[in-house]
Structures are given as structure tokens and as C-alpha cells.
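Printed here is input_36.csv (CSV, N, CA and C atoms):
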```csv
chain,number,residue,atom,x,y,z
A,677,MET,N,148.3,59.8,22.7
A,677,MET,CA,148.5,60.9,23.6
A,677,MET,C,149.7,60.5,24.5
A,678,GLY,N,150.6,61.5,24.8
A,678,GLY,CA,151.7,61.2,25.6
A,678,GLY,C,151.3,61.4,27.1
A,679,ARG,N,152.3,61.5,27.9
A,679,ARG,CA,152.1,61.7,29.4
A,679,ARG,C,151.5,63.0,29.7
A,680,VAL,N,150.4,63.0,30.5
A,680,VAL,CA,149.7,64.2,30.9
A,680,VAL,C,149.6,64.1,32.5
A,681,ASP,N,150.2,65.1,33.1
A,681,ASP,CA,150.1,65.2,34.6
A,681,ASP,C,148.7,65.1,35.1
A,682,PRO,N,148.4,64.3,36.1
A,682,PRO,CA,147.0,64.2,36.6
A,682,PRO,C,146.4,65.5,37.0
A,683,PHE,N,147.2,66.5,37.5
A,683,PHE,CA,146.7,67.8,37.8
A,683,PHE,C,146.2,68.5,36.5
A,684,ILE,N,146.9,68.3,35.4
A,684,ILE,CA,146.5,69.0,34.2
A,684,ILE,C,145.2,68.3,33.7
A,685,ARG,N,145.1,67.0,33.8
A,685,ARG,CA,143.8,66.4,33.5
A,685,ARG,C,142.6,66.9,34.3
A,686,GLU,N,142.9,67.1,35.6
A,686,GLU,CA,141.8,67.7,36.4
A,686,GLU,C,141.5,69.1,36.1
A,687,LEU,N,142.6,69.9,35.8
A,687,LEU,CA,142.4,71.3,35.5
A,687,LEU,C,141.6,71.6,34.2
A,688,THR,N,141.9,70.7,33.2
A,688,THR,CA,141.2,70.9,31.9
A,688,THR,C,140.0,70.0,31.7
A,689,SER,N,139.6,69.3,32.8
A,689,SER,CA,138.4,68.5,32.6
A,689,SER,C,137.1,69.3,32.3
A,690,ASP,N,137.1,70.5,32.7
A,690,ASP,CA,135.9,71.4,32.4
A,690,ASP,C,136.4,72.7,31.8
A,691,GLU,N,137.2,72.6,30.7
A,691,GLU,CA,137.7,73.8,30.0
A,691,GLU,C,137.2,73.8,28.6
A,692,PRO,N,136.1,74.4,28.4
A,692,PRO,CA,135.5,74.3,27.0
A,692,PRO,C,136.3,75.0,25.9
A,693,VAL,N,137.2,75.9,26.3
A,693,VAL,CA,137.9,76.6,25.3
A,693,VAL,C,138.8,75.7,24.4
A,694,LEU,N,139.2,74.6,25.0
A,694,LEU,CA,140.0,73.6,24.3
A,694,LEU,C,139.2,73.1,23.1
A,695,ASP,N,138.0,72.7,23.3
A,695,ASP,CA,137.1,72.2,22.2
A,695,ASP,C,136.8,73.4,21.2
A,696,TRP,N,136.5,74.5,21.8
A,696,TRP,CA,136.1,75.7,21.0
A,696,TRP,C,137.1,76.0,20.0
A,697,PHE,N,138.4,76.0,20.4
A,697,PHE,CA,139.5,76.3,19.5
A,697,PHE,C,139.9,75.1,18.7
A,698,GLY,N,139.6,73.9,19.2
A,698,GLY,CA,140.0,72.7,18.5
A,698,GLY,C,141.4,72.2,18.9
A,699,MET,N,141.8,72.5,20.2
A,699,MET,CA,143.1,72.2,20.7
A,699,MET,C,143.1,70.8,21.3
A,700,THR,N,144.3,70.1,21.1
A,700,THR,CA,144.5,68.8,21.7
A,700,THR,C,145.8,68.8,22.6
A,701,ILE,N,145.6,68.4,23.8
A,701,ILE,CA,146.8,68.3,24.7
A,701,ILE,C,147.5,67.0,24.3
A,702,VAL,N,148.7,67.0,23.8
A,702,VAL,CA,149.5,65.9,23.4
A,702,VAL,C,150.2,65.3,24.6
A,703,GLU,N,150.9,66.3,25.3
A,703,GLU,CA,151.6,65.9,26.6
A,703,GLU,C,151.7,67.1,27.4
A,704,ALA,N,151.8,66.9,28.8
A,704,ALA,CA,151.9,68.0,29.7
A,704,ALA,C,152.4,67.4,31.0
A,705,HIS,N,153.7,67.6,31.3
A,705,HIS,CA,154.3,67.0,32.5
A,705,HIS,C,155.7,67.6,32.7
A,706,ALA,N,156.2,67.6,33.9
A,706,ALA,CA,157.6,68.0,34.2
A,706,ALA,C,158.0,69.3,33.6
A,707,GLY,N,157.1,70.3,33.6
A,707,GLY,CA,157.5,71.6,33.1
A,707,GLY,C,157.5,71.7,31.5
A,708,MET,N,156.9,70.7,30.9
A,708,MET,CA,156.8,70.8,29.4
A,708,MET,C,155.4,70.5,29.0
A,709,ALA,N,155.0,71.0,27.8
A,709,ALA,CA,153.7,70.7,27.2
A,709,ALA,C,153.8,70.8,25.7
A,710,THR,N,153.0,70.0,25.1
A,710,THR,CA,152.8,70.0,23.6
A,710,THR,C,151.3,70.0,23.4
A,711,ILE,N,150.9,71.1,22.6
A,711,ILE,CA,149.4,71.2,22.3
A,711,ILE,C,149.3,71.4,20.8
A,712,THR,N,148.3,70.8,20.2
A,712,THR,CA,148.2,71.0,18.7
A,712,THR,C,146.8,71.6,18.4
A,713,LEU,N,146.7,72.1,17.2
A,713,LEU,CA,145.5,72.7,16.6
A,713,LEU,C,145.6,72.7,15.1
A,714,THR,N,144.6,72.2,14.4
A,714,THR,CA,144.5,72.3,13.0
A,714,THR,C,143.7,73.6,12.7
A,715,VAL,N,144.3,74.5,11.9
A,715,VAL,CA,143.7,75.8,11.6
A,715,VAL,C,142.4,75.5,10.8
A,716,ASP,N,141.3,76.0,11.4
A,716,ASP,CA,140.0,75.8,10.8
A,716,ASP,C,139.8,77.0,9.8
A,717,PRO,N,139.1,76.9,8.7
A,717,PRO,CA,138.8,78.0,7.8
A,717,PRO,C,138.2,79.2,8.5
A,718,GLN,N,137.5,79.0,9.6
A,718,GLN,CA,136.9,80.1,10.3
A,718,GLN,C,137.9,80.8,11.3
A,719,GLN,N,139.1,80.3,11.3
A,719,GLN,CA,140.1,80.9,12.2
A,719,GLN,C,141.2,81.7,11.4
A,720,VAL,N,140.8,82.0,10.1
A,720,VAL,CA,141.8,82.8,9.3
A,720,VAL,C,141.2,84.3,9.2
A,721,ASN,N,142.2,85.2,9.0
A,721,ASN,CA,141.8,86.6,8.8
A,721,ASN,C,141.6,86.9,7.3
A,722,GLY,N,141.4,88.2,7.0
A,722,GLY,CA,141.2,88.6,5.7
A,722,GLY,C,142.3,88.4,4.7
A,723,ASN,N,143.5,88.2,5.3
A,723,ASN,CA,144.7,87.8,4.5
A,723,ASN,C,144.8,86.3,4.2
A,724,ARG,N,143.8,85.6,4.7
A,724,ARG,CA,143.7,84.1,4.5
A,724,ARG,C,144.8,83.4,5.3
A,725,MET,N,145.3,84.1,6.4
A,725,MET,CA,146.3,83.5,7.3
A,725,MET,C,145.6,83.2,8.6
A,726,ALA,N,146.1,82.3,9.4
A,726,ALA,CA,145.6,82.0,10.7
A,726,ALA,C,145.6,83.3,11.5
A,727,HIS,N,144.5,83.7,12.1
A,727,HIS,CA,144.5,84.9,12.9
A,727,HIS,C,145.5,84.8,14.1
A,728,GLY,N,146.2,85.9,14.3
A,728,GLY,CA,147.2,86.0,15.3
A,728,GLY,C,146.6,85.6,16.7
A,729,GLY,N,145.4,85.9,17.0
A,729,GLY,CA,144.8,85.5,18.2
A,729,GLY,C,144.7,84.0,18.4
A,730,VAL,N,144.5,83.3,17.3
A,730,VAL,CA,144.4,81.9,17.4
A,730,VAL,C,145.8,81.3,17.7
A,731,VAL,N,146.8,81.8,17.0
A,731,VAL,CA,148.2,81.4,17.3
A,731,VAL,C,148.6,81.7,18.7
A,732,PHE,N,148.2,82.9,19.2
A,732,PHE,CA,148.5,83.3,20.6
A,732,PHE,C,147.8,82.4,21.5
A,733,ALA,N,146.6,82.1,21.3
A,733,ALA,CA,145.8,81.2,22.2
A,733,ALA,C,146.4,79.8,22.3
A,734,LEU,N,146.9,79.3,21.2
A,734,LEU,CA,147.6,78.0,21.2
A,734,LEU,C,148.8,78.0,22.0
A,735,ALA,N,149.7,79.1,21.8
A,735,ALA,CA,150.9,79.2,22.6
A,735,ALA,C,150.6,79.4,24.0
A,736,ASP,N,149.6,80.2,24.3
A,736,ASP,CA,149.2,80.5,25.7
A,736,ASP,C,148.7,79.2,26.4
A,737,GLN,N,148.0,78.4,25.7
A,737,GLN,CA,147.5,77.1,26.3
A,737,GLN,C,148.7,76.2,26.6
A,738,ALA,N,149.7,76.1,25.7
A,738,ALA,CA,150.8,75.3,26.0
A,738,ALA,C,151.6,75.9,27.2
A,739,PHE,N,151.8,77.2,27.2
A,739,PHE,CA,152.4,77.9,28.3
A,739,PHE,C,151.7,77.5,29.6
A,740,ALA,N,150.4,77.6,29.7
A,740,ALA,CA,149.7,77.3,30.9
A,740,ALA,C,149.8,75.9,31.4
A,741,MET,N,149.8,75.0,30.4
A,741,MET,CA,149.9,73.6,30.8
A,741,MET,C,151.3,73.3,31.4
A,742,ALA,N,152.3,73.8,30.7
A,742,ALA,CA,153.7,73.6,31.2
A,742,ALA,C,153.9,74.2,32.6
A,743,ALA,N,153.4,75.5,32.7
A,743,ALA,CA,153.5,76.2,34.0
A,743,ALA,C,152.8,75.5,35.1
A,744,ASN,N,151.6,75.0,34.9
A,744,ASN,CA,150.8,74.3,35.9
A,744,ASN,C,151.4,72.9,36.3
A,745,THR,N,152.3,72.4,35.6
A,745,THR,CA,152.9,71.2,36.0
A,745,THR,C,154.0,71.4,37.1
A,746,VAL,N,154.5,72.7,37.2
A,746,VAL,CA,155.5,73.0,38.2
A,746,VAL,C,155.0,74.0,39.2
A,747,LEU,N,153.9,74.7,39.0
A,747,LEU,CA,153.3,75.7,39.8
A,747,LEU,C,151.8,75.6,39.8
A,748,ARG,N,151.2,74.9,40.7
A,748,ARG,CA,149.8,74.6,40.7
A,748,ARG,C,148.9,75.9,40.7
A,749,TYR,N,147.9,75.9,39.9
A,749,TYR,CA,147.0,77.0,39.8
A,749,TYR,C,147.7,78.3,39.4
A,750,ALA,N,148.6,78.2,38.5
A,750,ALA,CA,149.4,79.3,38.0
A,750,ALA,C,148.5,80.2,37.1
A,751,ALA,N,148.7,81.5,37.1
A,751,ALA,CA,148.0,82.4,36.2
A,751,ALA,C,149.1,83.2,35.4
A,752,THR,N,148.7,83.7,34.2
A,752,THR,CA,149.6,84.5,33.4
A,752,THR,C,149.9,85.8,34.1
A,753,ALA,N,151.1,86.2,34.3
A,753,ALA,CA,151.5,87.5,34.7
A,753,ALA,C,151.8,88.4,33.5
A,754,ASP,N,152.5,87.9,32.6
A,754,ASP,CA,152.8,88.6,31.3
A,754,ASP,C,153.2,87.6,30.2
A,755,ALA,N,153.0,88.1,29.0
A,755,ALA,CA,153.4,87.2,27.9
A,755,ALA,C,153.7,88.1,26.6
A,756,THR,N,154.6,87.6,25.8
A,756,THR,CA,154.9,88.3,24.6
A,756,THR,C,155.0,87.2,23.5
A,757,ILE,N,154.8,87.7,22.3
A,757,ILE,CA,154.8,86.7,21.1
A,757,ILE,C,155.4,87.5,19.9
A,758,GLN,N,156.2,86.7,19.2
A,758,GLN,CA,156.8,87.2,17.9
A,758,GLN,C,156.2,86.3,16.8
A,759,TYR,N,155.5,86.9,15.9
A,759,TYR,CA,155.0,86.1,14.7
A,759,TYR,C,156.1,86.1,13.7
A,760,LEU,N,156.5,84.9,13.2
A,760,LEU,CA,157.6,84.8,12.3
A,760,LEU,C,157.3,84.3,10.9
A,761,ALA,N,156.2,83.6,10.8
A,761,ALA,CA,155.7,83.1,9.5
A,761,ALA,C,154.2,82.8,9.6
A,762,PRO,N,153.6,82.9,8.4
A,762,PRO,CA,152.1,82.7,8.4
A,762,PRO,C,151.8,81.2,8.4
A,763,SER,N,150.6,81.0,8.8
A,763,SER,CA,150.0,79.6,8.7
A,763,SER,C,148.6,79.8,8.1
A,764,ARG,N,148.1,78.8,7.6
A,764,ARG,CA,146.8,78.9,6.8
A,764,ARG,C,145.9,77.8,7.2
A,765,ALA,N,144.6,77.9,6.8
A,765,ALA,CA,143.6,76.9,7.0
A,765,ALA,C,144.2,75.5,6.6
A,766,GLY,N,143.9,74.6,7.5
A,766,GLY,CA,144.4,73.2,7.2
A,766,GLY,C,145.8,72.9,7.8
A,767,ASP,N,146.6,73.9,8.2
A,767,ASP,CA,147.9,73.7,8.8
A,767,ASP,C,147.7,73.1,10.2
A,768,LEU,N,148.5,72.1,10.5
A,768,LEU,CA,148.6,71.6,11.8
A,768,LEU,C,149.6,72.4,12.6
A,769,LEU,N,149.2,73.2,13.6
A,769,LEU,CA,150.1,73.9,14.4
A,769,LEU,C,150.4,73.1,15.7
A,770,THR,N,151.7,73.1,16.0
A,770,THR,CA,152.1,72.4,17.3
A,770,THR,C,152.9,73.4,18.1
A,771,ALA,N,152.4,73.6,19.4
A,771,ALA,CA,153.0,74.5,20.3
A,771,ALA,C,153.8,73.6,21.3
A,772,ARG,N,155.1,73.8,21.4
A,772,ARG,CA,155.9,73.1,22.4
A,772,ARG,C,156.4,74.1,23.4
A,773,ALA,N,156.0,73.8,24.7
A,773,ALA,CA,156.4,74.7,25.8
A,773,ALA,C,157.4,74.0,26.7
A,774,ARG,N,158.3,74.8,27.2
A,774,ARG,CA,159.4,74.4,28.1
A,774,ARG,C,159.6,75.4,29.2
A,775,THR,N,159.5,74.9,30.4
A,775,THR,CA,159.7,75.8,31.6
A,775,THR,C,161.2,76.0,31.7
A,776,THR,N,161.7,77.3,31.6
A,776,THR,CA,163.1,77.6,31.7
A,776,THR,C,163.5,78.1,33.1
A,777,TYR,N,162.5,78.4,33.9
A,777,TYR,CA,162.8,78.9,35.3
A,777,TYR,C,161.6,78.7,36.1
A,778,HIS,N,161.7,78.3,37.4
A,778,HIS,CA,160.6,78.3,38.3
A,778,HIS,C,161.1,78.3,39.7
A,779,ASP,N,160.3,78.9,40.6
A,779,ASP,CA,160.5,78.8,42.0
A,779,ASP,C,159.1,78.6,42.6
A,780,GLU,N,158.9,78.8,43.9
A,780,GLU,CA,157.6,78.5,44.5
A,780,GLU,C,156.5,79.5,44.2
A,781,ARG,N,156.9,80.7,43.5
A,781,ARG,CA,155.9,81.7,43.2
A,781,ARG,C,155.7,82.0,41.7
A,782,ARG,N,156.7,81.7,40.9
A,782,ARG,CA,156.6,82.1,39.5
A,782,ARG,C,157.3,81.0,38.6
A,783,ALA,N,157.0,81.1,37.3
A,783,ALA,CA,157.6,80.2,36.3
A,783,ALA,C,157.7,81.0,35.0
A,784,VAL,N,158.8,80.8,34.3
A,784,VAL,CA,159.0,81.4,33.0
A,784,VAL,C,159.0,80.2,32.0
A,785,VAL,N,158.2,80.4,31.0
A,785,VAL,CA,158.0,79.3,30.0
A,785,VAL,C,158.2,79.9,28.6
A,786,ASP,N,159.0,79.2,27.8
A,786,ASP,CA,159.2,79.5,26.4
A,786,ASP,C,158.4,78.5,25.5
A,787,VAL,N,157.8,79.1,24.5
A,787,VAL,CA,156.9,78.3,23.6
A,787,VAL,C,157.3,78.5,22.2
A,788,GLU,N,157.4,77.5,21.4
A,788,GLU,CA,157.7,77.6,20.0
A,788,GLU,C,156.5,77.0,19.3
A,789,VAL,N,155.9,77.7,18.4
A,789,VAL,CA,154.7,77.3,17.6
A,789,VAL,C,155.3,77.0,16.2
A,790,VAL,N,155.0,75.7,15.7
A,790,VAL,CA,155.5,75.4,14.4
A,790,VAL,C,154.4,74.8,13.5
A,791,ALA,N,154.6,74.9,12.2
A,791,ALA,CA,153.7,74.3,11.2
A,791,ALA,C,154.6,73.6,10.3
A,792,ALA,N,154.5,72.3,10.2
A,792,ALA,CA,155.4,71.5,9.4
A,792,ALA,C,156.8,71.8,9.8
A,793,ASP,N,157.6,72.3,8.9
A,793,ASP,CA,159.0,72.5,9.2
A,793,ASP,C,159.4,74.0,9.4
A,794,ARG,N,158.4,74.8,9.6
A,794,ARG,CA,158.7,76.3,9.8
A,794,ARG,C,158.2,76.8,11.2
A,795,VAL,N,158.9,77.7,11.8
A,795,VAL,CA,158.5,78.3,13.0
A,795,VAL,C,157.6,79.4,12.7
A,796,VAL,N,156.4,79.3,13.3
A,796,VAL,CA,155.3,80.3,13.1
A,796,VAL,C,155.4,81.5,14.1
A,797,ALA,N,155.7,81.1,15.4
A,797,ALA,CA,155.8,82.1,16.4
A,797,ALA,C,156.6,81.6,17.6
A,798,ILE,N,157.2,82.6,18.3
A,798,ILE,CA,157.9,82.3,19.6
A,798,ILE,C,157.2,83.2,20.6
A,799,TYR,N,156.9,82.5,21.7
A,799,TYR,CA,156.2,83.1,22.8
A,799,TYR,C,157.0,82.9,24.1
A,800,ARG,N,157.0,83.9,25.0
A,800,ARG,CA,157.5,83.8,26.3
A,800,ARG,C,156.6,84.3,27.3
A,801,GLY,N,156.3,83.6,28.4
A,801,GLY,CA,155.4,84.0,29.4
A,801,GLY,C,155.9,83.8,30.8
A,802,THR,N,155.4,84.6,31.7
A,802,THR,CA,155.7,84.4,33.1
A,802,THR,C,154.4,84.1,33.8
A,803,ALA,N,154.4,83.0,34.6
A,803,ALA,CA,153.2,82.6,35.4
A,803,ALA,C,153.5,82.9,36.9
A,804,ARG,N,152.4,83.3,37.6
A,804,ARG,CA,152.5,83.6,39.0
A,804,ARG,C,151.6,82.6,39.8
A,805,ALA,N,152.0,82.3,41.0
A,805,ALA,CA,151.2,81.5,41.8
A,805,ALA,C,149.9,82.3,42.2
A,806,THR,N,148.8,81.6,42.2
A,806,THR,CA,147.6,82.3,42.7
A,806,THR,C,147.3,81.8,44.2
A,807,ARG,N,146.4,82.5,44.8
A,807,ARG,CA,146.1,82.1,46.2
A,807,ARG,C,145.2,81.0,46.3
A,808,ARG,N,144.7,80.4,45.2
A,808,ARG,CA,143.8,79.3,45.2
A,808,ARG,C,144.6,78.1,45.7
A,809,ALA,N,143.9,77.3,46.6
A,809,ALA,CA,144.5,76.1,47.1
A,809,ALA,C,143.8,74.9,46.6
```
Could you quickly redo this structure as C-alpha cells?
Amino acid sequence: MGRVDPFIRELTSDEPVLDWFGMTIVEAHAGMATITLTVDPQQVNGNRMAHGGVVFALADQAFAMAANTVLRYAATADATIQYLAPSRAGDLLTARARTTYHDERRAVVDVEVVAADRVVAIYRGTARATRRA
């Protein structure tokens, strides 16, 4: 495991969705995050491809981890994703997030999801500060 911001460790210490999806936080610090997931046979659709919701969830998790390293207790304000290539059961998906803009109230994060040497999806999200202290 790479460097993980202590706030991210605290934030995810009781986040069961990580285990439920099978996600691993590889790193999360300084506006960046890398999260992985191996597509489980139960995570594919009728076309035998990874369900789009699983790919989105992985990208969204990487987005959240990156955003929360620069904007504590950030929440998603909006997000878009473009699916570019299929992935299948057994594929290791890696979501790499990079914060491209942030101020004291919002952050914009770009995420690329890859499987081996192909880009599976590109995601962009905006995070907003919450009132939680």
C-alpha cells in the first residue's frame, strides 16, 4: 500500500461499501488517489461485462478519496462518466484520480479507470464542502 492520508484512513475506517465491492485503497494523498477492484463474476451484467454501476462506483470512490485529501468531508455535487471499453470478470480495474482544481468550498477531480493497458472509463466529478466539522 502506498501513502494514505490519515484523514482518509479515519474516514474509511467504518465504510463497509469498500469490502462489499471488493475495493482496495492503494494510495490517497495530496489530491490524488488510486483504488483497485477485481471484477467478481457477480458484478457482471447479461452481456458478461462489468456492470456500469460497478465501474462508476470504483471511479466515484477514487474521486471521493482524492477530493477528501484537499477538502475535508467533501460530498459529490455532480459527476459524469464515459464508458470507453468493456471489462470482464477477473479483470483488475484501477481507478486513478487527480484533483485538477480546488478552493475552500469545492474540488474538481478527474478519474481514469483502466484494465491492463486499456482505458475503460473516464469520470469527472465536482465535490462540495459539507457543513460537517
Within 6.5 Å of (150.2, 74.4, 17.4) (coordinates as in the file), grab all the protein and nucleic acid residues, counting all atoms listed in the file, and write them out as a PyMOL selection string.
chain A and resi 711-713+734-735+768-772+789-790
Atoms to include: N, CA and C atoms. Write the selected residues as a PDB file, in the coordinates of the input.
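result-v7.pdb written:
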```pdb
ATOM      1  N   ILE A 711     150.900  71.100  22.600  1.00  0.00           N
ATOM      2  CA  ILE A 711     149.400  71.200  22.300  1.00  0.00           C
ATOM      3  C   ILE A 711     149.300  71.400  20.800  1.00  0.00           C
ATOM      4  N   THR A 712     148.300  70.800  20.200  1.00  0.00           N
ATOM      5  CA  THR A 712     148.200  71.000  18.700  1.00  0.00           C
ATOM      6  C   THR A 712     146.800  71.600  18.400  1.00  0.00           C
ATOM      7  N   LEU A 713     146.700  72.100  17.200  1.00  0.00           N
ATOM      8  CA  LEU A 713     145.500  72.700  16.600  1.00  0.00           C
ATOM      9  C   LEU A 713     145.600  72.700  15.100  1.00  0.00           C
ATOM     10  N   LEU A 734     146.900  79.300  21.200  1.00  0.00           N
ATOM     11  CA  LEU A 734     147.600  78.000  21.200  1.00  0.00           C
ATOM     12  C   LEU A 734     148.800  78.000  22.000  1.00  0.00           C
ATOM     13  N   ALA A 735     149.700  79.100  21.800  1.00  0.00           N
ATOM     14  CA  ALA A 735     150.900  79.200  22.600  1.00  0.00           C
ATOM     15  C   ALA A 735     150.600  79.400  24.000  1.00  0.00           C
ATOM     16  N   LEU A 768     148.500  72.100  10.500  1.00  0.00           N
ATOM     17  CA  LEU A 768     148.600  71.600  11.800  1.00  0.00           C
ATOM     18  C   LEU A 768     149.600  72.400  12.600  1.00  0.00           C
ATOM     19  N   LEU A 769     149.200  73.200  13.600  1.00  0.00           N
ATOM     20  CA  LEU A 769     150.100  73.900  14.400  1.00  0.00           C
ATOM     21  C   LEU A 769     150.400  73.100  15.700  1.00  0.00           C
ATOM     22  N   THR A 770     151.700  73.100  16.000  1.00  0.00           N
ATOM     23  CA  THR A 770     152.100  72.400  17.300  1.00  0.00           C
ATOM     24  C   THR A 770     152.900  73.400  18.100  1.00  0.00           C
ATOM     25  N   ALA A 771     152.400  73.600  19.400  1.00  0.00           N
ATOM     26  CA  ALA A 771     153.000  74.500  20.300  1.00  0.00           C
ATOM     27  C   ALA A 771     153.800  73.600  21.300  1.00  0.00           C
ATOM     28  N   ARG A 772     155.100  73.800  21.400  1.00  0.00           N
ATOM     29  CA  ARG A 772     155.900  73.100  22.400  1.00  0.00           C
ATOM     30  C   ARG A 772     156.400  74.100  23.400  1.00  0.00           C
ATOM     31  N   VAL A 789     155.900  77.700  18.400  1.00  0.00           N
ATOM     32  CA  VAL A 789     154.700  77.300  17.600  1.00  0.00           C
ATOM     33  C   VAL A 789     155.300  77.000  16.200  1.00  0.00           C
ATOM     34  N   VAL A 790     155.000  75.700  15.700  1.00  0.00           N
ATOM     35  CA  VAL A 790     155.500  75.400  14.400  1.00  0.00           C
ATOM     36  C   VAL A 790     154.400  74.800  13.500  1.00  0.00           C
TER      37      VAL A 790
END
```
Identify, with DSSP run on backbone atoms, the residues in chain A assigned to helix (DSSP H, G or I), and express the list as a VMD selection string.
chain A and resid 682 to 688 692 to 697 717 to 719 728 to 746
Nearest to A:Ala751, chosen from A:Val693, A:Val796, A:Ala805, A:Ile701, with all atoms listed in the file counted in the distances:
A:Ala805
Choose the residue, out of A:Thr802, A:Gln719, A:Thr775, A:Thr710, that has the smallest atom-to-atom separation from A:Asp754; count all atoms listed in the file.
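The shortest atom-to-atom distance to A:Asp754 comes from A:Thr802.
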Got a sec: who's within 7 Å of A:Arg679, counting only N, CA and C atoms, leaving out chain neighbours fewer than 6 positions off, as a count of residues only?
4
From a DSSP pass on the backbone, collect the residues of chain A flagged as strand (DSSP E) and hand them back as a PyMOL selection string.
chain A and resi 699-705+708-714+750-759+768-778+782-791+794-805
Can you tell me, as a PyMOL selection string, which residues sit within 6.5 Å of (151.9, 85.7, 24.2) in the file's frame, using all atoms listed in the file?
chain A and resi 732+735-736+754-757+799-801
Surrounding residues of A:Tyr749 excluding itself and chain neighbours under 4 positions, 8 Å, all atoms listed in the file, as a list in words
Ala743, Asn744, Thr745, Ala803, Arg804, Ala805, Thr806, Arg807, Arg808 and Ala809 of chain A
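With distances taken over all atoms listed in the file, A:Ala742 is the one residue among A:Leu760, A:Val784, A:Ala742, A:Leu694 lying closest to A:Gly707.
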Counting only C-alpha atoms, the option among A:Ala726, A:Ala797, A:Ala740, A:Leu747 closest to A:Ala761
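Closest to A:Ala761, using only C-alpha atoms: A:Ala797.
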Between atom N of A:Gly729 and atom C of A:Ala791, what is the distance, to one decimal in Å?
16.8 Å
Can you pull out every residue within 5 Å of A:Met725, counting only N, CA and C atoms, but drop anything in the same chain fewer than 4 positions away, and send it as an mmCIF file with N, CA and C atoms, keeping the file's coordinate frame?
```
data_model
loop_
_atom_site.group_PDB
_atom_site.id
_atom_site.type_symbol
_atom_site.label_atom_id
_atom_site.label_comp_id
_atom_site.auth_asym_id
_atom_site.auth_seq_id
_atom_site.Cartn_x
_atom_site.Cartn_y
_atom_site.Cartn_z
ATOM 1 N N VAL A 720 140.800 82.000 10.100
ATOM 2 C CA VAL A 720 141.800 82.800 9.300
ATOM 3 C C VAL A 720 141.200 84.300 9.200
ATOM 4 N N ASN A 721 142.200 85.200 9.000
ATOM 5 C CA ASN A 721 141.800 86.600 8.800
ATOM 6 C C ASN A 721 141.600 86.900 7.300
ATOM 7 N N SER A 763 150.600 81.000 8.800
ATOM 8 C CA SER A 763 150.000 79.600 8.700
ATOM 9 C C SER A 763 148.600 79.800 8.100
ATOM 10 N N ARG A 764 148.100 78.800 7.600
ATOM 11 C CA ARG A 764 146.800 78.900 6.800
ATOM 12 C C ARG A 764 145.900 77.800 7.200
#
```
Nearest candidate to A:Gly766 (options A:Thr700, A:Asp695, A:Arg685, A:Asp716; using all atoms listed in the file)
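The shortest atom-to-atom distance to A:Gly766 comes from A:Asp716.
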One number please: atom CA of A:Glu686 to atom CA of A:Thr714, in Å, one decimal.
24.0 Å
Which value, in Å to one decimal, gives the distance between atom N of A:Asn723 and atom C of A:Val795?
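Separation between atom N of A:Asn723 and atom C of A:Val795: 18.2 Å.
For the set A:Val730, A:Tyr759, A:Leu687, A:Ala706, the residue with the smallest atom-to-atom gap to A:Val746 is A:Ala706, counting only N, CA and C atoms.
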Would you mind completing stretch 694-705 of chain A so that it carries N, CA, C and O atoms, and writing it out as a tab-separated table (two decimals), keeping the file's coordinate frame?
```
chain	number	residue	atom	x	y	z
A	694	LEU	N	139.20	74.60	25.00
A	694	LEU	CA	140.00	73.60	24.30
A	694	LEU	C	139.20	73.10	23.10
A	694	LEU	O	139.74	73.07	21.93
A	695	ASP	N	138.00	72.70	23.30
A	695	ASP	CA	137.10	72.20	22.20
A	695	ASP	C	136.80	73.40	21.20
A	695	ASP	O	136.70	73.18	20.03
A	696	TRP	N	136.50	74.50	21.80
A	696	TRP	CA	136.10	75.70	21.00
A	696	TRP	C	137.10	76.00	20.00
A	696	TRP	O	136.84	76.30	18.83
A	697	PHE	N	138.40	76.00	20.40
A	697	PHE	CA	139.50	76.30	19.50
A	697	PHE	C	139.90	75.10	18.70
A	697	PHE	O	140.52	75.20	17.61
A	698	GLY	N	139.60	73.90	19.20
A	698	GLY	CA	140.00	72.70	18.50
A	698	GLY	C	141.40	72.20	18.90
A	698	GLY	O	142.13	71.58	18.13
A	699	MET	N	141.80	72.50	20.20
A	699	MET	CA	143.10	72.20	20.70
A	699	MET	C	143.10	70.80	21.30
A	699	MET	O	142.15	70.30	21.81
A	700	THR	N	144.30	70.10	21.10
A	700	THR	CA	144.50	68.80	21.70
A	700	THR	C	145.80	68.80	22.60
A	700	THR	O	146.81	69.29	22.10
A	701	ILE	N	145.60	68.40	23.80
A	701	ILE	CA	146.80	68.30	24.70
A	701	ILE	C	147.50	67.00	24.30
A	701	ILE	O	146.95	65.88	24.55
A	702	VAL	N	148.70	67.00	23.80
A	702	VAL	CA	149.50	65.90	23.40
A	702	VAL	C	150.20	65.30	24.60
A	702	VAL	O	150.27	64.14	24.88
A	703	GLU	N	150.90	66.30	25.30
A	703	GLU	CA	151.60	65.90	26.60
A	703	GLU	C	151.70	67.10	27.40
A	703	GLU	O	151.61	68.27	26.95
A	704	ALA	N	151.80	66.90	28.80
A	704	ALA	CA	151.90	68.00	29.70
A	704	ALA	C	152.40	67.40	31.00
A	704	ALA	O	151.70	66.78	31.76
A	705	HIS	N	153.70	67.60	31.30
A	705	HIS	CA	154.30	67.00	32.50
A	705	HIS	C	155.70	67.60	32.70
A	705	HIS	O	156.35	68.08	31.70
```
